[in-house]
Each structure stands twice: as structure tokens, then as C-alpha cells.
file run.cif (mmCIF, C-alpha atoms and all ligand atoms)
data_target
#
loop_
_atom_site.group_PDB
_atom_site.id
_atom_site.type_symbol
_atom_site.label_atom_id
_atom_site.label_comp_id
_atom_site.auth_asym_id
_atom_site.auth_seq_id
_atom_site.Cartn_x
_atom_site.Cartn_y
_atom_site.Cartn_z
ATOM 1 C CA MET R 1 -1.602 -3.507 -13.634
ATOM 2 C CA ARG R 2 -3.769 -4.345 -10.638
ATOM 3 C CA THR R 3 -2.479 -5.052 -7.151
ATOM 4 C CA PHE R 4 -2.949 -8.631 -5.882
ATOM 5 C CA LEU R 5 -3.792 -7.521 -2.324
ATOM 6 C CA LYS R 6 -6.786 -5.528 -1.155
ATOM 7 C CA TRP R 7 -5.330 -2.617 0.791
ATOM 8 C CA ALA R 8 -6.818 0.376 2.572
ATOM 9 C CA GLY R 9 -5.579 3.498 0.820
ATOM 10 C CA ASN R 10 -4.747 1.609 -2.406
ATOM 11 C CA LYS R 11 -3.703 4.229 -4.995
ATOM 12 C CA GLN R 12 -4.823 2.256 -8.066
ATOM 13 C CA ARG R 13 -7.386 4.896 -9.108
ATOM 14 C CA ILE R 14 -4.977 7.840 -8.965
ATOM 15 C CA VAL R 15 -1.680 6.391 -10.197
ATOM 16 C CA GLU R 16 -1.770 8.523 -13.339
ATOM 17 C CA ARG R 17 -2.210 11.708 -11.325
ATOM 18 C CA ILE R 18 0.694 10.743 -9.045
ATOM 19 C CA ASP R 19 2.890 9.711 -11.969
ATOM 20 C CA GLU R 20 2.305 13.089 -13.675
ATOM 21 C CA LEU R 21 3.706 14.935 -10.662
ATOM 22 C CA LEU R 22 6.488 12.482 -9.884
ATOM 23 C CA PRO R 23 9.914 13.740 -10.971
ATOM 24 C CA ARG R 24 11.946 11.300 -13.114
ATOM 25 C CA GLY R 25 14.891 9.401 -11.653
ATOM 26 C CA LYS R 26 16.719 6.090 -11.725
ATOM 27 C CA ARG R 27 15.096 4.504 -8.688
ATOM 28 C CA LEU R 28 11.685 4.967 -7.055
ATOM 29 C CA ILE R 29 11.606 4.579 -3.271
ATOM 30 C CA GLU R 30 8.276 3.869 -1.554
ATOM 31 C CA PRO R 31 8.622 3.920 2.264
ATOM 32 C CA PHE R 32 4.877 3.037 2.665
ATOM 33 C CA VAL R 33 4.457 0.570 -0.192
ATOM 34 C CA GLY R 34 1.164 -1.088 0.909
ATOM 35 C CA SER R 35 -0.226 -3.019 -2.055
ATOM 36 C CA GLY R 36 2.236 -1.355 -4.434
ATOM 37 C CA ALA R 37 -0.136 0.287 -6.930
ATOM 38 C CA LEU R 38 2.383 2.944 -7.962
ATOM 39 C CA PHE R 39 5.266 0.447 -8.219
ATOM 40 C CA LEU R 40 3.190 -1.704 -10.584
ATOM 41 C CA ASN R 41 2.201 1.216 -12.810
ATOM 42 C CA THR R 42 5.405 3.222 -13.218
ATOM 43 C CA ASP R 43 8.527 2.664 -15.232
ATOM 44 C CA PHE R 44 11.649 3.238 -13.132
ATOM 45 C CA ALA R 45 14.789 1.161 -13.661
ATOM 46 C CA SER R 46 14.683 -0.052 -10.062
ATOM 47 C CA TYR R 47 12.639 0.205 -6.866
ATOM 48 C CA LEU R 48 13.185 0.197 -3.109
ATOM 49 C CA LEU R 49 9.863 -0.863 -1.579
ATOM 50 C CA ALA R 50 9.478 -0.708 2.185
ATOM 51 C CA ASP R 51 6.754 -0.916 4.797
ATOM 52 C CA SER R 52 6.593 -1.338 8.565
ATOM 53 C CA ASN R 53 4.234 -4.322 8.146
ATOM 54 C CA ARG R 54 6.530 -7.353 8.349
ATOM 55 C CA ASP R 55 3.875 -9.812 7.112
ATOM 56 C CA LEU R 56 3.414 -7.737 3.950
ATOM 57 C CA ILE R 57 7.143 -7.517 3.194
ATOM 58 C CA ASP R 58 7.665 -11.236 3.940
ATOM 59 C CA LEU R 59 4.867 -12.073 1.475
ATOM 60 C CA TYR R 60 6.486 -9.938 -1.252
ATOM 61 C CA SER R 61 9.958 -11.379 -0.611
ATOM 62 C CA THR R 62 8.627 -14.941 -0.726
ATOM 63 C CA LEU R 63 6.754 -14.315 -3.981
ATOM 64 C CA GLN R 64 9.814 -12.575 -5.447
ATOM 65 C CA SER R 65 12.144 -15.484 -4.726
ATOM 66 C CA GLU R 66 9.778 -18.418 -5.350
ATOM 67 C CA GLY R 67 7.465 -17.158 -8.143
ATOM 68 C CA ALA R 68 5.185 -19.829 -9.658
ATOM 69 C CA ASP R 69 6.035 -22.402 -6.930
ATOM 70 C CA PHE R 70 4.729 -20.063 -4.264
ATOM 71 C CA ILE R 71 1.595 -19.209 -6.287
ATOM 72 C CA ASP R 72 0.891 -22.967 -6.638
ATOM 73 C CA PHE R 73 1.422 -23.369 -2.899
ATOM 74 C CA CYS R 74 -1.157 -20.625 -2.128
ATOM 75 C CA ARG R 75 -3.928 -21.712 -4.520
ATOM 76 C CA PRO R 76 -5.326 -24.705 -2.523
ATOM 77 C CA LEU R 77 -6.233 -22.415 0.392
ATOM 78 C CA PHE R 78 -8.821 -20.729 -1.845
ATOM 79 C CA SER R 79 -11.243 -23.665 -1.700
ATOM 80 C CA PRO R 80 -14.987 -23.733 -0.797
ATOM 81 C CA GLU R 81 -14.076 -25.770 2.351
ATOM 82 C CA ASN R 82 -11.852 -22.916 3.552
ATOM 83 C CA ASN R 83 -14.547 -20.295 2.946
ATOM 84 C CA THR R 84 -16.410 -20.901 6.240
ATOM 85 C CA PRO R 85 -16.111 -19.098 9.583
ATOM 86 C CA ASP R 86 -14.668 -22.225 11.289
ATOM 87 C CA ALA R 87 -11.962 -22.723 8.662
ATOM 88 C CA TYR R 88 -11.216 -18.982 8.622
ATOM 89 C CA TYR R 89 -10.735 -18.703 12.398
ATOM 90 C CA ALA R 90 -8.613 -21.897 12.470
ATOM 91 C CA LEU R 91 -6.343 -20.473 9.743
ATOM 92 C CA ARG R 92 -6.194 -17.093 11.477
ATOM 93 C CA THR R 93 -5.011 -18.830 14.672
ATOM 94 C CA ARG R 94 -2.437 -20.799 12.688
ATOM 95 C CA PHE R 95 -1.232 -17.557 11.095
ATOM 96 C CA ASN R 96 -0.794 -15.948 14.514
ATOM 97 C CA GLN R 97 1.110 -18.958 15.900
ATOM 98 C CA THR R 98 3.359 -20.177 13.093
ATOM 99 C CA THR R 99 6.966 -19.090 12.700
ATOM 100 C CA ASP R 100 7.244 -20.679 9.236
ATOM 101 C CA ARG R 101 7.659 -17.666 6.965
ATOM 102 C CA ARG R 102 6.359 -19.352 3.810
ATOM 103 C CA LEU R 103 3.244 -20.691 5.533
ATOM 104 C CA LYS R 104 2.631 -17.334 7.213
ATOM 105 C CA SER R 105 2.876 -15.525 3.867
ATOM 106 C CA THR R 106 0.435 -17.989 2.291
ATOM 107 C CA ILE R 107 -2.128 -17.529 5.055
ATOM 108 C CA PHE R 108 -1.634 -13.744 4.943
ATOM 109 C CA LEU R 109 -2.775 -13.808 1.313
ATOM 110 C CA TYR R 110 -5.740 -16.050 2.251
ATOM 111 C CA LEU R 111 -6.723 -13.700 5.121
ATOM 112 C CA ASN R 112 -6.512 -10.646 2.860
ATOM 113 C CA ARG R 113 -9.097 -12.131 0.484
ATOM 114 C CA HIS R 114 -11.357 -13.800 3.107
ATOM 115 C CA CYS R 115 -11.439 -11.266 5.963
ATOM 116 C CA TYR R 116 -13.898 -8.444 6.518
ATOM 117 C CA ASN R 117 -13.396 -5.677 3.921
ATOM 118 C CA GLY R 118 -9.812 -6.792 3.183
ATOM 119 C CA LEU R 119 -8.698 -4.967 6.320
ATOM 120 C CA CYS R 120 -5.323 -5.526 7.924
ATOM 121 C CA ARG R 121 -5.508 -4.955 11.661
ATOM 122 C CA TYR R 122 -3.630 -6.354 14.646
ATOM 123 C CA ASN R 123 -4.328 -6.438 18.390
ATOM 124 C CA ALA R 124 -1.932 -4.983 20.975
ATOM 125 C CA SER R 125 0.084 -8.213 21.106
ATOM 126 C CA GLY R 126 0.501 -8.245 17.327
ATOM 127 C CA GLY R 127 -2.144 -10.883 16.499
ATOM 128 C CA PHE R 128 -4.151 -10.431 13.277
ATOM 129 C CA ASN R 129 -7.733 -9.904 14.510
ATOM 130 C CA VAL R 130 -9.999 -9.038 11.544
ATOM 131 C CA PRO R 131 -13.230 -11.112 11.495
ATOM 132 C CA PHE R 132 -14.436 -13.401 8.685
ATOM 133 C CA GLY R 133 -15.632 -11.517 5.583
ATOM 134 C CA ARG R 134 -18.437 -13.783 4.207
ATOM 135 C CA TYR R 135 -17.609 -13.465 0.497
ATOM 136 C CA LYS R 136 -19.379 -15.831 -1.920
ATOM 137 C CA LYS R 137 -16.281 -16.883 -3.812
ATOM 138 C CA PRO R 138 -13.040 -15.131 -2.862
ATOM 139 C CA TYR R 139 -10.920 -14.381 -5.915
ATOM 140 C CA PHE R 140 -7.519 -16.026 -6.236
ATOM 141 C CA PRO R 141 -5.336 -13.306 -7.798
ATOM 142 C CA GLN R 142 -3.195 -15.607 -9.948
ATOM 143 C CA ALA R 143 -2.642 -13.201 -12.879
ATOM 144 C CA GLU R 144 -1.974 -10.257 -10.537
ATOM 145 C CA MET R 145 0.573 -12.300 -8.548
ATOM 146 C CA GLU R 146 2.341 -13.376 -11.746
ATOM 147 C CA ALA R 147 2.574 -9.755 -12.911
ATOM 148 C CA PHE R 148 3.818 -8.623 -9.493
ATOM 149 C CA TRP R 149 6.421 -11.400 -9.466
ATOM 150 C CA ALA R 150 7.717 -10.413 -12.937
ATOM 151 C CA LYS R 151 8.043 -6.748 -11.973
ATOM 152 C CA SER R 152 9.501 -7.583 -8.537
ATOM 153 C CA GLN R 153 12.739 -8.644 -10.232
ATOM 154 C CA GLN R 154 13.531 -4.885 -10.430
ATOM 155 C CA ALA R 155 12.745 -4.349 -6.741
ATOM 156 C CA GLN R 156 14.325 -4.623 -3.342
ATOM 157 C CA PHE R 157 11.910 -5.179 -0.435
ATOM 158 C CA CYS R 158 12.632 -3.924 3.025
ATOM 159 C CA HIS R 159 10.862 -4.168 6.383
ATOM 160 C CA ALA R 160 11.576 -0.746 7.869
ATOM 161 C CA ASP R 161 10.151 2.361 9.430
ATOM 162 C CA PHE R 162 9.775 5.261 6.955
ATOM 163 C CA ALA R 163 12.563 7.278 8.609
ATOM 164 C CA THR R 164 15.157 4.562 7.901
ATOM 165 C CA THR R 165 13.969 4.123 4.318
ATOM 166 C CA ILE R 166 14.039 7.847 3.495
ATOM 167 C CA LYS R 167 17.554 8.148 4.965
ATOM 168 C CA ALA R 168 18.727 5.565 2.378
ATOM 169 C CA ALA R 169 17.781 7.884 -0.539
ATOM 170 C CA THR R 170 20.624 9.460 -2.525
ATOM 171 C CA PRO R 171 20.636 11.776 -5.592
ATOM 172 C CA GLY R 172 19.114 9.981 -8.594
ATOM 173 C CA ASP R 173 16.357 8.539 -6.362
ATOM 174 C CA VAL R 174 12.771 9.793 -6.199
ATOM 175 C CA VAL R 175 10.631 9.154 -3.095
ATOM 176 C CA TYR R 176 6.846 8.711 -3.031
ATOM 177 C CA CYS R 177 5.263 8.621 0.438
ATOM 178 C CA ASP R 178 1.750 7.361 1.054
ATOM 179 C CA PRO R 179 1.496 7.407 4.861
ATOM 180 C CA PRO R 180 -1.600 6.525 6.881
ATOM 181 C CA TYR R 181 -3.602 9.721 6.384
ATOM 182 C CA VAL R 182 -4.253 12.264 9.089
ATOM 183 C CA PRO R 183 -7.870 11.685 10.287
ATOM 184 C CA LEU R 184 -10.533 13.973 8.791
ATOM 185 C CA SER R 185 -12.333 14.215 12.115
ATOM 186 C CA SER R 186 -11.947 12.873 15.652
ATOM 187 C CA THR R 187 -14.291 9.966 14.772
ATOM 188 C CA ALA R 188 -12.424 8.894 11.632
ATOM 189 C CA HIS R 189 -9.457 6.939 12.903
ATOM 190 C CA PHE R 190 -8.345 4.496 10.292
ATOM 191 C CA THR R 191 -4.652 4.276 11.123
ATOM 192 C CA SER R 192 -4.353 0.685 12.358
ATOM 193 C CA TYR R 193 -2.284 -0.918 9.586
ATOM 194 C CA SER R 194 0.079 -2.238 12.241
ATOM 195 C CA ALA R 195 0.208 -2.109 16.023
ATOM 196 C CA GLY R 196 1.211 1.371 17.125
ATOM 197 C CA GLY R 197 -0.830 3.652 14.840
ATOM 198 C CA PHE R 198 0.451 6.805 13.140
ATOM 199 C CA GLY R 199 -0.030 10.002 15.108
ATOM 200 C CA PHE R 200 0.480 13.655 14.206
ATOM 201 C CA ASP R 201 4.013 13.545 15.654
ATOM 202 C CA GLN R 202 4.826 10.948 12.983
ATOM 203 C CA GLN R 203 3.232 13.130 10.295
ATOM 204 C CA LEU R 204 5.632 15.898 11.375
ATOM 205 C CA ALA R 205 8.590 13.488 11.497
ATOM 206 C CA LEU R 206 7.746 12.532 7.900
ATOM 207 C CA VAL R 207 7.813 16.189 6.807
ATOM 208 C CA ALA R 208 11.210 16.601 8.498
ATOM 209 C CA ALA R 209 12.547 13.494 6.728
ATOM 210 C CA ALA R 210 11.185 14.753 3.374
ATOM 211 C CA LYS R 211 12.816 18.169 3.836
ATOM 212 C CA ALA R 212 16.143 16.545 4.785
ATOM 213 C CA ALA R 213 16.008 14.311 1.682
ATOM 214 C CA ALA R 214 15.191 17.305 -0.577
ATOM 215 C CA HIS R 215 18.170 19.089 0.985
ATOM 216 C CA ARG R 216 20.366 16.117 -0.055
ATOM 217 C CA GLY R 217 19.081 16.436 -3.664
ATOM 218 C CA VAL R 218 16.227 13.881 -3.547
ATOM 219 C CA PRO R 219 12.673 14.976 -4.524
ATOM 220 C CA VAL R 220 9.883 13.671 -2.265
ATOM 221 C CA LEU R 221 6.167 13.514 -3.131
ATOM 222 C CA ILE R 222 3.655 12.924 -0.288
ATOM 223 C CA SER R 223 -0.082 12.086 -0.369
ATOM 224 C CA ASN R 224 -2.431 13.068 2.440
ATOM 225 C CA HIS R 225 -5.809 14.511 3.350
ATOM 226 C CA ALA R 226 -6.087 18.220 2.688
ATOM 227 C CA THR R 227 -6.723 19.333 6.293
ATOM 228 C CA PRO R 228 -5.611 22.752 7.607
ATOM 229 C CA GLU R 229 -3.012 21.102 9.941
ATOM 230 C CA ILE R 230 -1.466 19.154 7.068
ATOM 231 C CA GLU R 231 -1.388 22.196 4.750
ATOM 232 C CA GLU R 232 0.422 24.115 7.477
ATOM 233 C CA ALA R 233 2.885 21.263 8.074
ATOM 234 C CA TYR R 234 3.605 21.030 4.317
ATOM 235 C CA ALA R 235 4.263 24.775 3.898
ATOM 236 C CA GLY R 236 7.043 25.316 1.359
ATOM 237 C CA ALA R 237 6.095 22.306 -0.776
ATOM 238 C CA ARG R 238 4.371 22.552 -4.174
ATOM 239 C CA ILE R 239 0.808 21.428 -3.423
ATOM 240 C CA GLU R 240 -1.874 20.039 -5.756
ATOM 241 C CA HIS R 241 -5.443 19.532 -4.487
ATOM 242 C CA PHE R 242 -8.022 17.077 -5.793
ATOM 243 C CA GLN R 243 -11.127 15.089 -4.777
ATOM 244 C CA VAL R 244 -11.158 11.294 -4.353
ATOM 245 C CA GLN R 245 -13.875 8.667 -3.813
ATOM 246 C CA ARG R 246 -13.184 6.749 -0.619
ATOM 247 C CA TYR R 247 -14.216 3.163 0.080
ATOM 248 C CA ILE R 248 -12.643 2.225 3.423
ATOM 249 C CA SER R 249 -13.547 4.599 6.197
ATOM 250 C CA ALA R 250 -14.382 4.214 9.856
ATOM 251 C CA ASP R 251 -16.800 7.106 9.434
ATOM 252 C CA ALA R 252 -19.815 6.464 7.194
ATOM 253 C CA ASP R 253 -20.210 10.223 6.597
ATOM 254 C CA ASN R 254 -16.802 10.325 4.957
ATOM 255 C CA ARG R 255 -17.452 7.589 2.405
ATOM 256 C CA ASN R 256 -18.102 10.083 -0.343
ATOM 257 C CA SER R 257 -15.763 12.565 -1.917
ATOM 258 C CA VAL R 258 -12.942 13.872 0.272
ATOM 259 C CA GLY R 259 -10.259 16.472 -0.336
ATOM 260 C CA GLU R 260 -6.746 15.107 -0.778
ATOM 261 C CA LEU R 261 -3.465 16.649 -1.736
ATOM 262 C CA LEU R 262 -0.100 15.781 -3.209
ATOM 263 C CA ALA R 263 2.828 17.788 -1.818
ATOM 264 C CA LEU R 264 6.122 17.903 -3.685
ATOM 265 C CA PHE R 265 9.308 18.758 -1.750
ATOM 266 C CA LEU R 266 11.941 19.678 -4.312
ATOM 267 C CA PRO R 267 15.731 19.958 -3.835
HETATM 268 C C1 LIG S 301 -2.010 4.315 2.766
HETATM 269 S S1 LIG S 301 -1.156 2.788 2.972
HETATM 270 C C2 LIG S 301 -0.212 2.741 1.481
HETATM 271 C C3 LIG S 301 -1.094 2.333 0.331
HETATM 272 C C4 LIG S 301 -0.307 2.079 -0.973
HETATM 273 N N1 LIG S 301 0.122 3.300 -1.600
HETATM 274 C C5 LIG S 301 -1.141 1.293 -1.954
HETATM 275 O O1 LIG S 301 -1.324 1.699 -3.113
HETATM 276 O O2 LIG S 301 -1.663 0.248 -1.534
HETATM 277 C C6 LIG S 301 -0.004 3.111 4.240
HETATM 278 C C7 LIG S 301 1.041 2.024 4.505
HETATM 279 O O3 LIG S 301 1.974 2.534 5.472
HETATM 280 C C8 LIG S 301 2.439 1.474 6.297
HETATM 281 N N2 LIG S 301 2.975 2.093 7.519
HETATM 282 C C9 LIG S 301 2.314 2.542 8.621
HETATM 283 N N3 LIG S 301 3.164 3.108 9.501
HETATM 284 C C10 LIG S 301 4.407 3.054 8.934
HETATM 285 C C11 LIG S 301 5.706 3.483 9.329
HETATM 286 N N4 LIG S 301 5.912 4.101 10.502
HETATM 287 N N5 LIG S 301 6.753 3.260 8.495
HETATM 288 C C12 LIG S 301 6.561 2.614 7.306
HETATM 289 N N6 LIG S 301 5.357 2.174 6.880
HETATM 290 C C13 LIG S 301 4.290 2.385 7.676
HETATM 291 C C14 LIG S 301 1.221 0.584 6.468
HETATM 292 O O4 LIG S 301 1.602 -0.741 6.787
HETATM 293 C C15 LIG S 301 0.540 0.712 5.093
HETATM 294 O O5 LIG S 301 0.913 -0.330 4.242
#

call {"tool": "encode", "arguments": {"input": "run.cif", "output": "C-alpha cells"}}
result
Amino acid sequence: MRTFLKWAGNKQRIVERIDELLPRGKRLIEPFVGSGALFLNTDFASYLLADSNRDLIDLYSTLQSEGADFIDFCRPLFSPENNTPDAYYALRTRFNQTTDRRLKSTIFLYLNRHCYNGLCRYNASGGFNVPFGRYKKPYFPQAEMEAFWAKSQQAQFCHADFATTIKAATPGDVVYCDPPYVPLSSTAHFTSYSAGGFGFDQQLALVAAAKAAAHRGVPVLISNHATPEIEEAYAGARIEHFQVQRYISADADNRNSVGELLALFLP
């Protein structure tokens, strides 16, 4: 199943590899759900899906509760008239000003498919600021939204920081963490999913939360770049290395194959 959003760090291409390492359990918890590639392609009885991006979680909650009505409400925005810079910037302004959750979710979907590279980036005051993407005919992900809606009936969505989400895990749960990756070099800084960024202190806080969860009987699997600092921080976990093709990178030199790892913290 394909995700309906374009998302930096989307795990679509490596879900099988992740699923092979993921211990079994009743509920899968994803504190950094993003576009939800693993959720869509695994078979747990239930899911707790969280992210610190409120617009993302509001979109999922709206689709979950409204289903086909919401999909019908979104479709008209994907028209040739709305695929121009003027229409794009007018809708982006509306998105940044409206407090209507349903309208905001609709425009968030439109922005995701019409903005530059499908990026999700905000300025310091929280305004979405990605420029127009100039696509010939942006795709309306009707089938992908329908599939997401059907599967979302097993899920609970939550707008939360990872620390809060991981604290909610109890034995029987399995946690998969896909945080913004540690940069490969000082010029590769793609960590702007939401205002605030994700620094090395947060990478260490994530390791501490994973170790605490494992101590409570909950296995935690984490994805990241295989840098020496990360390997040191993950000492004690079972680590698997592999190479991945990257498409979104601030550093053109890193667009090719990069070393990643999966670290499993077991109870
Ligand atoms: C690498 S992406 C996850 C990609 C996802 N696995 C997928 O397949 O699309 C990282 C996600 O972490 C979220 N995020 C960043 N900082 C966070 C934090 N402190 N707590 C929770 N989520 C956070 C971002 O909004 C983003 O959606």
C-alpha cells in the first residue's frame, strides 16, 4: 500500500526490511509517523500513530472520521486553475490564516502535492513557506486515501512529542521510531519538518526513551544514518547496517547511496 502524502524520509522502499526486524506484538506505536508507510504495510491489531506536526495529525484525524466525504471535499482543489503560482500562493496564505480544521487539512493535502519537492517546511512563526512546485498535473491520491481511511479504523492518532508517545507504551506494544536523521555532514541539514528542528540532544533523548521503554518490557526499533556518533549513542542495541537510495537531500553529493542502520533495543 502506498502512502497518500509525499514525505521526506518516507520508508516505502524499506518496509519489508523493517518488518523483518520488528518484533511481534498487539499494537505498533510510531512516535514519528510521517506519511505512515510502515503502518500501511504491517499487520498489527492496532496502532498508535503520533507526530509533532499538528497539520499532519489533523489531516489524518479528519480523513479517519469523515472518509469519502472528506475525499470528495479535497478533490476540487486539484484543478488546472489551482495549478498556477498565483492560485498556489493564495491557497498557501489561506492555509496559514484559517482556523477551520477541515479546510486547513484540505489545503495541507493540496500543498503537499503542489509545492516544491513535496517538502514540508515552516518559518519561525509557524507559517508553511515552501514555494510552488510547477508540476504538470499533480496527482490526486484518491485510491491511496481510501486505503489509508480503511486501515485508519485500527489506529489512534496523536499530536505529541516522541517522549510523550514512547512513555505511553506498555508490554504487548512494539515501538518503531523514524526520527529526523542525524545530518551526514555539516552541510546536510534536512531536519525542518516542523519549527524547532531536531538536534543531537534530541537524538540522545530518544535513545534514553528507547532504553527506558525496553526496561519496561517494550521493544523499540530505531532508524537512522550510520554515523560514528549514532553508533556510539546506540551502543547496546542490536544493529543492522544497509545502503539506501536517497531522493530528498539538502546536499547534492549525498543524493546517492548512503549508509543507514536499524537499531533494536530489546527488553
Ligand atoms: C523521517 S520522518 C518519518 C517518515 C515516516 N517513517 C514515513 O514513512 O513517511 C520524521 C517525522 O518526525 C516528525 N518529528 C520531528 N520532530 C519530532 C518530535 N520531536 N516528536 C515527534 N515527531 C517529530 C516529523 O514531523 C516527521 O514527520

call {"tool": "residues_near_ligand", "arguments": {"input": "run.cif", "ligand": "ligand LIG 301 (chain S)", "cutoff": "8 Å", "atoms": "only C-alpha atoms and all ligand atoms", "output": "PDB file with C-alpha atoms, in the frame of the given file"}}
result
ATOM      1  CA  THR R   3      -2.479  -5.052  -7.151  1.00  0.00           C
ATOM      2  CA  LYS R   6      -6.786  -5.528  -1.155  1.00  0.00           C
ATOM      3  CA  TRP R   7      -5.330  -2.617   0.791  1.00  0.00           C
ATOM      4  CA  ALA R   8      -6.818   0.376   2.572  1.00  0.00           C
ATOM      5  CA  GLY R   9      -5.579   3.498   0.820  1.00  0.00           C
ATOM      6  CA  ASN R  10      -4.747   1.609  -2.406  1.00  0.00           C
ATOM      7  CA  LYS R  11      -3.703   4.229  -4.995  1.00  0.00           C
ATOM      8  CA  GLN R  12      -4.823   2.256  -8.066  1.00  0.00           C
ATOM      9  CA  PRO R  31       8.622   3.920   2.264  1.00  0.00           C
ATOM     10  CA  PHE R  32       4.877   3.037   2.665  1.00  0.00           C
ATOM     11  CA  VAL R  33       4.457   0.570  -0.192  1.00  0.00           C
ATOM     12  CA  GLY R  34       1.164  -1.088   0.909  1.00  0.00           C
ATOM     13  CA  SER R  35      -0.226  -3.019  -2.055  1.00  0.00           C
ATOM     14  CA  GLY R  36       2.236  -1.355  -4.434  1.00  0.00           C
ATOM     15  CA  ALA R  37      -0.136   0.287  -6.930  1.00  0.00           C
ATOM     16  CA  LEU R  38       2.383   2.944  -7.962  1.00  0.00           C
ATOM     17  CA  ALA R  50       9.478  -0.708   2.185  1.00  0.00           C
ATOM     18  CA  ASP R  51       6.754  -0.916   4.797  1.00  0.00           C
ATOM     19  CA  SER R  52       6.593  -1.338   8.565  1.00  0.00           C
ATOM     20  CA  ASN R  53       4.234  -4.322   8.146  1.00  0.00           C
ATOM     21  CA  LEU R  56       3.414  -7.737   3.950  1.00  0.00           C
ATOM     22  CA  ALA R 160      11.576  -0.746   7.869  1.00  0.00           C
ATOM     23  CA  ASP R 161      10.151   2.361   9.430  1.00  0.00           C
ATOM     24  CA  PHE R 162       9.775   5.261   6.955  1.00  0.00           C
ATOM     25  CA  ALA R 163      12.563   7.278   8.609  1.00  0.00           C
ATOM     26  CA  CYS R 177       5.263   8.621   0.438  1.00  0.00           C
ATOM     27  CA  ASP R 178       1.750   7.361   1.054  1.00  0.00           C
ATOM     28  CA  PRO R 179       1.496   7.407   4.861  1.00  0.00           C
ATOM     29  CA  PRO R 180      -1.600   6.525   6.881  1.00  0.00           C
ATOM     30  CA  TYR R 181      -3.602   9.721   6.384  1.00  0.00           C
ATOM     31  CA  THR R 191      -4.652   4.276  11.123  1.00  0.00           C
ATOM     32  CA  SER R 192      -4.353   0.685  12.358  1.00  0.00           C
ATOM     33  CA  TYR R 193      -2.284  -0.918   9.586  1.00  0.00           C
ATOM     34  CA  SER R 194       0.079  -2.238  12.241  1.00  0.00           C
ATOM     35  CA  GLY R 197      -0.830   3.652  14.840  1.00  0.00           C
ATOM     36  CA  PHE R 198       0.451   6.805  13.140  1.00  0.00           C
ATOM     37  CA  GLN R 202       4.826  10.948  12.983  1.00  0.00           C
TER      38      GLN R 202
END

call {"tool": "residues_around", "arguments": {"input": "run.cif", "residues": "stretch 214-224 of chain R", "least_positions_apart": "2", "cutoff": "9 Å", "atoms": "only C-alpha atoms", "output": "PyMOL selection string"}}
result
chain R and resi 18+21-23+169-182+207+209-212+226-227+230+259-267

call {"tool": "closest_residue", "arguments": {"input": "run.cif", "among": "R:Gly67, R:Gly236, R:Pro183, R:Gly199", "to": "R:Met145", "atoms": "all atoms listed in the file"}}
result
R:Gly67

call {"tool": "atom_distance", "arguments": {"input": "run.cif", "atom1": "atom CA of R:Tyr116", "atom2": "atom CA of R:Cys158"}}
result
27.1 Å

call {"tool": "residues_around", "arguments": {"input": "run.cif", "residues": "R:Thr93", "least_positions_apart": "2", "cutoff": "12 Å", "atoms": "all atoms listed in the file", "output": "JSON, numbers by chain"}}
result
{"R": [86, 87, 88, 89, 90, 91, 95, 96, 97, 98, 104, 107, 108, 111, 127, 128, 129, 130, 131]}

call {"tool": "resolve_selection", "arguments": {"input": "run.cif", "expression": "the PyMOL selection byres (((chain R and resi 74) around 9) and not hetatm)", "output": "MDAnalysis selection string"}}
result
chainID R and resid 69:73 75:78 103 105:107 109:110 140

call {"tool": "closest_residue", "arguments": {"input": "run.cif", "among": "R:Lys167, R:His241, R:Arg101, R:Lys136", "to": "R:Ala208", "atoms": "all atoms listed in the file"}}
result
R:Lys167

call {"tool": "atom_distance", "arguments": {"input": "run.cif", "atom1": "atom CA of R:Lys26", "atom2": "atom CA of R:Phe44"}}
result
6.0 Å

call {"tool": "resolve_selection", "arguments": {"input": "run.cif", "expression": "the PyMOL selection byres (((chain R and resi 1) around 10) and not hetatm)", "output": "ChimeraX atom specification"}}
result
/R:2-4,12,37-42,143-144,147-148

call {"tool": "atom_distance", "arguments": {"input": "run.cif", "atom1": "atom CA of R:Val244", "atom2": "atom CA of R:Arg113"}}
result
24.0 Å

call {"tool": "closest_residue", "arguments": {"input": "run.cif", "among": "R:Asp58, R:Gln203, R:Leu49, R:Gln245", "to": "R:Glu232", "atoms": "all atoms listed in the file"}}
result
R:Gln203

call {"tool": "closest_residue", "arguments": {"input": "run.cif", "among": "R:Thr99, R:Glu229, R:Glu20, R:Ser152", "to": "R:Ser65", "atoms": "only C-alpha atoms"}}
result
R:Ser152

call {"tool": "closest_residue", "arguments": {"input": "run.cif", "among": "R:Phe132, R:Tyr47, R:Phe242, R:Tyr234", "to": "R:Asn117", "atoms": "all atoms listed in the file"}}
result
R:Phe132

call {"tool": "axis_aligned_box", "arguments": {"input": "run.cif", "around": "stretch 86-98 of chain R", "padding_each_side": "3 Å", "output": "lines of an AutoDock Vina configuration file"}}
result
center_x = -5.7
center_y = -19.3
center_z = 12.3
size_x = 24.0
size_y = 12.8
size_z = 13.3
